[in-house]
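Pasted below: start-v9.cif, mmCIF, N, CA and C atoms.
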data_work
loop_
_atom_site.label_atom_id
_atom_site.label_comp_id
_atom_site.auth_asym_id
_atom_site.auth_seq_id
_atom_site.Cartn_x
_atom_site.Cartn_y
_atom_site.Cartn_z
N LEU D 1 0.79 -1.19 0.00
CA LEU D 1 0.00 0.00 0.00
C LEU D 1 0.84 1.27 0.00
N PHE D 2 2.12 1.11 0.14
CA PHE D 2 2.99 2.27 0.11
C PHE D 2 3.73 2.33 -1.21
N ASP D 3 3.87 3.53 -1.74
CA ASP D 3 4.58 3.73 -2.98
C ASP D 3 5.69 4.76 -2.72
N PRO D 4 6.96 4.37 -2.85
CA PRO D 4 8.03 5.33 -2.60
C PRO D 4 7.99 6.46 -3.61
N ASP D 5 8.21 7.67 -3.15
CA ASP D 5 8.19 8.84 -4.01
C ASP D 5 9.41 9.68 -3.66
N PHE D 6 10.50 9.45 -4.37
CA PHE D 6 11.77 10.09 -4.05
C PHE D 6 11.92 11.42 -4.77
N CYS D 7 12.67 12.33 -4.16
CA CYS D 7 13.02 13.59 -4.81
C CYS D 7 14.22 13.36 -5.71
N ASN D 8 14.32 14.13 -6.76
CA ASN D 8 15.49 14.07 -7.63
C ASN D 8 16.66 14.77 -6.95
N VAL D 9 17.86 14.36 -7.30
CA VAL D 9 19.07 14.95 -6.74
C VAL D 9 19.12 16.43 -7.10
N ALA D 10 19.48 17.26 -6.14
CA ALA D 10 19.64 18.71 -6.32
C ALA D 10 18.35 19.37 -6.79
N SER D 11 17.21 18.86 -6.34
CA SER D 11 15.91 19.43 -6.71
C SER D 11 15.13 19.74 -5.44
N GLY D 12 15.63 20.71 -4.69
CA GLY D 12 15.04 21.03 -3.41
C GLY D 12 13.59 21.45 -3.46
N TRP D 13 13.14 22.00 -4.60
CA TRP D 13 11.75 22.43 -4.71
C TRP D 13 10.77 21.26 -4.64
N GLU D 14 11.25 20.03 -4.91
CA GLU D 14 10.38 18.86 -4.85
C GLU D 14 10.13 18.41 -3.41
N LYS D 15 10.99 18.78 -2.51
CA LYS D 15 10.88 18.32 -1.12
C LYS D 15 9.57 18.78 -0.49
N GLY D 16 9.12 19.96 -0.81
CA GLY D 16 7.87 20.47 -0.25
C GLY D 16 6.68 19.63 -0.65
N ILE D 17 6.66 19.13 -1.88
CA ILE D 17 5.57 18.28 -2.35
C ILE D 17 5.54 16.98 -1.56
N VAL D 18 6.70 16.38 -1.38
CA VAL D 18 6.79 15.12 -0.63
C VAL D 18 6.35 15.34 0.81
N GLU D 19 6.81 16.42 1.43
CA GLU D 19 6.44 16.68 2.82
C GLU D 19 4.95 16.96 2.96
N LYS D 20 4.35 17.63 1.98
CA LYS D 20 2.91 17.88 2.00
C LYS D 20 2.15 16.56 1.89
N ASN D 21 2.61 15.64 1.05
CA ASN D 21 1.97 14.34 0.93
C ASN D 21 2.04 13.56 2.25
N VAL D 22 3.18 13.64 2.93
CA VAL D 22 3.33 12.98 4.24
C VAL D 22 2.37 13.61 5.24
N GLN D 23 2.30 14.92 5.26
CA GLN D 23 1.40 15.63 6.18
C GLN D 23 -0.06 15.23 5.93
N ASP D 24 -0.46 15.18 4.67
CA ASP D 24 -1.83 14.78 4.33
C ASP D 24 -2.11 13.35 4.77
N SER D 25 -1.14 12.46 4.57
CA SER D 25 -1.32 11.06 4.99
C SER D 25 -1.47 10.96 6.50
N ARG D 26 -0.69 11.71 7.22
CA ARG D 26 -0.81 11.70 8.69
C ARG D 26 -2.22 12.10 9.11
N ARG D 27 -2.71 13.17 8.49
CA ARG D 27 -4.02 13.67 8.85
C ARG D 27 -5.13 12.68 8.49
N ARG D 28 -5.02 12.09 7.32
CA ARG D 28 -6.09 11.22 6.83
C ARG D 28 -6.07 9.83 7.43
N ILE D 29 -4.89 9.32 7.75
CA ILE D 29 -4.79 7.92 8.17
C ILE D 29 -4.33 7.78 9.61
N TRP D 30 -3.16 8.30 9.91
CA TRP D 30 -2.51 7.97 11.17
C TRP D 30 -3.15 8.61 12.39
N LEU D 31 -3.84 9.74 12.24
CA LEU D 31 -4.54 10.30 13.40
C LEU D 31 -5.67 9.38 13.84
N ASP D 32 -6.36 8.75 12.87
CA ASP D 32 -7.41 7.77 13.20
C ASP D 32 -6.81 6.53 13.84
N ALA D 33 -5.62 6.16 13.43
CA ALA D 33 -4.99 4.94 13.96
C ALA D 33 -4.67 5.08 15.45
N GLN D 34 -4.47 6.30 15.92
CA GLN D 34 -4.17 6.51 17.33
C GLN D 34 -5.32 6.08 18.24
N ASN D 35 -6.53 6.07 17.70
CA ASN D 35 -7.71 5.70 18.48
C ASN D 35 -7.97 4.20 18.47
N CYS D 36 -7.14 3.45 17.79
CA CYS D 36 -7.33 2.01 17.66
C CYS D 36 -6.23 1.27 18.43
N MET D 37 -6.53 0.04 18.80
CA MET D 37 -5.55 -0.80 19.47
C MET D 37 -5.27 -2.01 18.58
N PHE D 38 -4.04 -2.12 18.12
CA PHE D 38 -3.64 -3.22 17.25
C PHE D 38 -2.74 -4.16 18.04
N HIS D 39 -3.10 -5.42 18.10
CA HIS D 39 -2.32 -6.41 18.85
C HIS D 39 -1.24 -7.06 18.00
N THR D 40 -1.42 -7.00 16.68
CA THR D 40 -0.43 -7.59 15.77
C THR D 40 -0.27 -6.68 14.56
N PHE D 41 0.82 -6.89 13.83
CA PHE D 41 1.01 -6.15 12.59
C PHE D 41 -0.06 -6.55 11.57
N GLU D 42 -0.52 -7.79 11.63
CA GLU D 42 -1.57 -8.23 10.72
C GLU D 42 -2.85 -7.42 10.94
N GLU D 43 -3.22 -7.19 12.20
CA GLU D 43 -4.40 -6.36 12.50
C GLU D 43 -4.20 -4.94 11.97
N LEU D 44 -3.02 -4.39 12.17
CA LEU D 44 -2.73 -3.05 11.66
C LEU D 44 -2.83 -3.02 10.14
N ASN D 45 -2.27 -4.02 9.47
CA ASN D 45 -2.31 -4.05 8.01
C ASN D 45 -3.73 -4.18 7.47
N VAL D 46 -4.56 -4.98 8.13
CA VAL D 46 -5.96 -5.12 7.71
C VAL D 46 -6.67 -3.77 7.86
N TRP D 47 -6.50 -3.13 9.01
CA TRP D 47 -7.12 -1.83 9.25
C TRP D 47 -6.62 -0.80 8.23
N LEU D 48 -5.31 -0.80 7.99
CA LEU D 48 -4.71 0.16 7.06
C LEU D 48 -5.25 -0.04 5.65
N GLY D 49 -5.38 -1.29 5.22
CA GLY D 49 -5.94 -1.58 3.90
C GLY D 49 -7.36 -1.08 3.77
N GLN D 50 -8.17 -1.31 4.80
CA GLN D 50 -9.57 -0.85 4.78
C GLN D 50 -9.64 0.68 4.78
N ARG D 51 -8.80 1.31 5.58
CA ARG D 51 -8.80 2.77 5.66
C ARG D 51 -8.38 3.39 4.33
N CYS D 52 -7.35 2.84 3.71
CA CYS D 52 -6.89 3.37 2.43
C CYS D 52 -7.97 3.21 1.36
N ARG D 53 -8.61 2.05 1.30
CA ARG D 53 -9.67 1.84 0.31
C ARG D 53 -10.84 2.80 0.54
N SER D 54 -11.13 3.06 1.79
CA SER D 54 -12.18 4.02 2.12
C SER D 54 -11.81 5.42 1.62
N LEU D 55 -10.57 5.82 1.85
CA LEU D 55 -10.11 7.13 1.39
C LEU D 55 -10.10 7.24 -0.12
N TRP D 56 -9.76 6.15 -0.81
CA TRP D 56 -9.75 6.18 -2.27
C TRP D 56 -11.11 6.56 -2.83
N SER D 57 -12.19 6.17 -2.15
CA SER D 57 -13.53 6.50 -2.65
C SER D 57 -13.93 7.94 -2.31
N GLU D 58 -13.18 8.59 -1.44
CA GLU D 58 -13.46 9.98 -1.08
C GLU D 58 -12.59 10.98 -1.84
N LEU D 59 -11.36 10.59 -2.14
CA LEU D 59 -10.40 11.53 -2.73
C LEU D 59 -10.58 11.66 -4.23
N VAL D 60 -10.64 12.90 -4.71
CA VAL D 60 -10.71 13.15 -6.14
C VAL D 60 -9.32 12.93 -6.73
N HIS D 61 -9.27 12.21 -7.85
CA HIS D 61 -7.99 11.93 -8.49
C HIS D 61 -7.41 13.24 -9.04
N PRO D 62 -6.12 13.49 -8.81
CA PRO D 62 -5.54 14.77 -9.22
C PRO D 62 -5.45 14.97 -10.74
N GLN D 63 -5.47 13.88 -11.51
CA GLN D 63 -5.32 14.02 -12.96
C GLN D 63 -6.63 13.79 -13.73
N TYR D 64 -7.66 13.29 -13.06
CA TYR D 64 -8.94 13.00 -13.71
C TYR D 64 -10.05 13.73 -12.95
N ASN D 65 -10.38 14.92 -13.40
CA ASN D 65 -11.39 15.73 -12.72
C ASN D 65 -12.72 15.00 -12.66
N GLY D 66 -13.35 15.05 -11.50
CA GLY D 66 -14.66 14.46 -11.33
C GLY D 66 -14.65 12.98 -11.00
N LEU D 67 -13.49 12.34 -11.00
CA LEU D 67 -13.40 10.92 -10.67
C LEU D 67 -12.60 10.75 -9.39
N THR D 68 -13.01 9.80 -8.58
CA THR D 68 -12.26 9.50 -7.37
C THR D 68 -11.10 8.57 -7.71
N VAL D 69 -10.19 8.43 -6.78
CA VAL D 69 -9.07 7.51 -6.96
C VAL D 69 -9.59 6.09 -7.17
N ALA D 70 -10.63 5.70 -6.42
CA ALA D 70 -11.22 4.36 -6.55
C ALA D 70 -11.81 4.16 -7.94
N GLU D 71 -12.47 5.17 -8.48
CA GLU D 71 -13.07 5.06 -9.82
C GLU D 71 -12.00 4.91 -10.89
N VAL D 72 -10.93 5.68 -10.77
CA VAL D 72 -9.83 5.58 -11.74
C VAL D 72 -9.17 4.21 -11.65
N LEU D 73 -8.97 3.71 -10.43
CA LEU D 73 -8.39 2.38 -10.25
C LEU D 73 -9.27 1.33 -10.92
N GLU D 74 -10.58 1.43 -10.73
CA GLU D 74 -11.50 0.47 -11.34
C GLU D 74 -11.40 0.50 -12.87
N LEU D 75 -11.29 1.70 -13.44
CA LEU D 75 -11.15 1.83 -14.89
C LEU D 75 -9.83 1.25 -15.39
N GLU D 76 -8.77 1.43 -14.61
CA GLU D 76 -7.44 0.98 -15.03
C GLU D 76 -7.21 -0.51 -14.79
N GLN D 77 -7.95 -1.12 -13.87
CA GLN D 77 -7.72 -2.52 -13.54
C GLN D 77 -7.91 -3.45 -14.73
N VAL D 78 -8.79 -3.09 -15.66
CA VAL D 78 -8.99 -3.95 -16.84
C VAL D 78 -7.74 -3.99 -17.72
N GLU D 79 -6.88 -3.00 -17.60
CA GLU D 79 -5.65 -2.93 -18.39
C GLU D 79 -4.45 -3.54 -17.66
N MET D 80 -4.60 -3.86 -16.39
CA MET D 80 -3.48 -4.35 -15.58
C MET D 80 -3.28 -5.85 -15.75
N MET D 81 -2.04 -6.26 -15.58
CA MET D 81 -1.72 -7.68 -15.61
C MET D 81 -2.14 -8.31 -14.28
N PRO D 82 -2.52 -9.59 -14.30
CA PRO D 82 -2.88 -10.24 -13.03
C PRO D 82 -1.65 -10.42 -12.15
N MET D 83 -1.89 -10.44 -10.86
CA MET D 83 -0.80 -10.67 -9.90
C MET D 83 -0.33 -12.11 -10.00
N PRO D 84 0.98 -12.35 -9.94
CA PRO D 84 1.47 -13.74 -9.94
C PRO D 84 1.12 -14.42 -8.62
N THR D 85 1.12 -15.73 -8.65
CA THR D 85 0.86 -16.46 -7.41
C THR D 85 2.04 -16.26 -6.46
N ALA D 86 1.75 -16.31 -5.19
CA ALA D 86 2.78 -16.11 -4.18
C ALA D 86 3.76 -17.27 -4.19
N PHE D 87 5.03 -16.97 -4.00
CA PHE D 87 6.06 -18.00 -3.92
C PHE D 87 5.98 -18.64 -2.54
N ASP D 88 5.85 -19.96 -2.51
CA ASP D 88 5.69 -20.62 -1.22
C ASP D 88 6.93 -21.37 -0.76
N GLY D 89 8.04 -21.11 -1.40
CA GLY D 89 9.27 -21.54 -0.88
C GLY D 89 9.99 -22.70 -1.30
#

Take the structure in the file and write it out as structure tokens.
Amino acid sequence: LFDPDFCNVASGWEKGIVEKNVQDSRRRIWLDAQNCMFHTFEELNVWLGQRCRSLWSELVHPQYNGLTVAEVLELEQVEMMPMPTAFDG
């Protein structure tokens, strides 16, 4: 659920965008997490997945006016390759 977003070398103006994204994520996700009690990382991951999917249906996609992130994902999923089966060792 996390996507690394690195700044380019010697491009200090990009740092503000990354920090704003972190600030928005804290507000949208992690403040709610403080009110929950997670006994395992699995519980945290389940909650985090549900919270992110919930936010996707609320957030307007920055490149597609009038569509939410969830709607754009649904449109793009038909073009995506299927996930490979998990390696079991």

Between atom C of Leu48 (chain D) and atom C of Cys36 (chain D), what is the spacing in Å? 12.9 Å

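Of the residues listed (D:Gln77, D:Asn65, D:Ser11, D:Asn45), D:Asn45 shows the shortest atom-to-atom separation from Ala33 (chain D); distances use only C-alpha atoms.
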
In Å to one decimal, how far is atom N of Ser57 (chain D) from atom C of Val69 (chain D)?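 Atom N of Ser57 (chain D) lies 5.7 Å from atom C of Val69 (chain D).
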
Separation of CA of Ile17 (chain D) from CA of Arg53 (chain D) in Å: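 Going from CA of Arg53 (chain D) over to CA of Ile17 (chain D) covers 22.6 Å.
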
Helix (DSSP H, G or I) call set, DSSP backbone run, region 30-78 of chain D, as a PyMOL selection string: chain D and resi 30-33+41-56+69-77

Kindly list the centre and edge lengths in Å, rounded to one decimal, for the axis-aligned box that covers all listed atoms of region 48-57 of chain D plus 6 Å on each of its six sides, as lines of an AutoDock Vina configuration file.
center_x = -9.3
center_y = 3.2
center_z = 2.6
size_x = 21.2
size_y = 21.5
size_z = 22.8
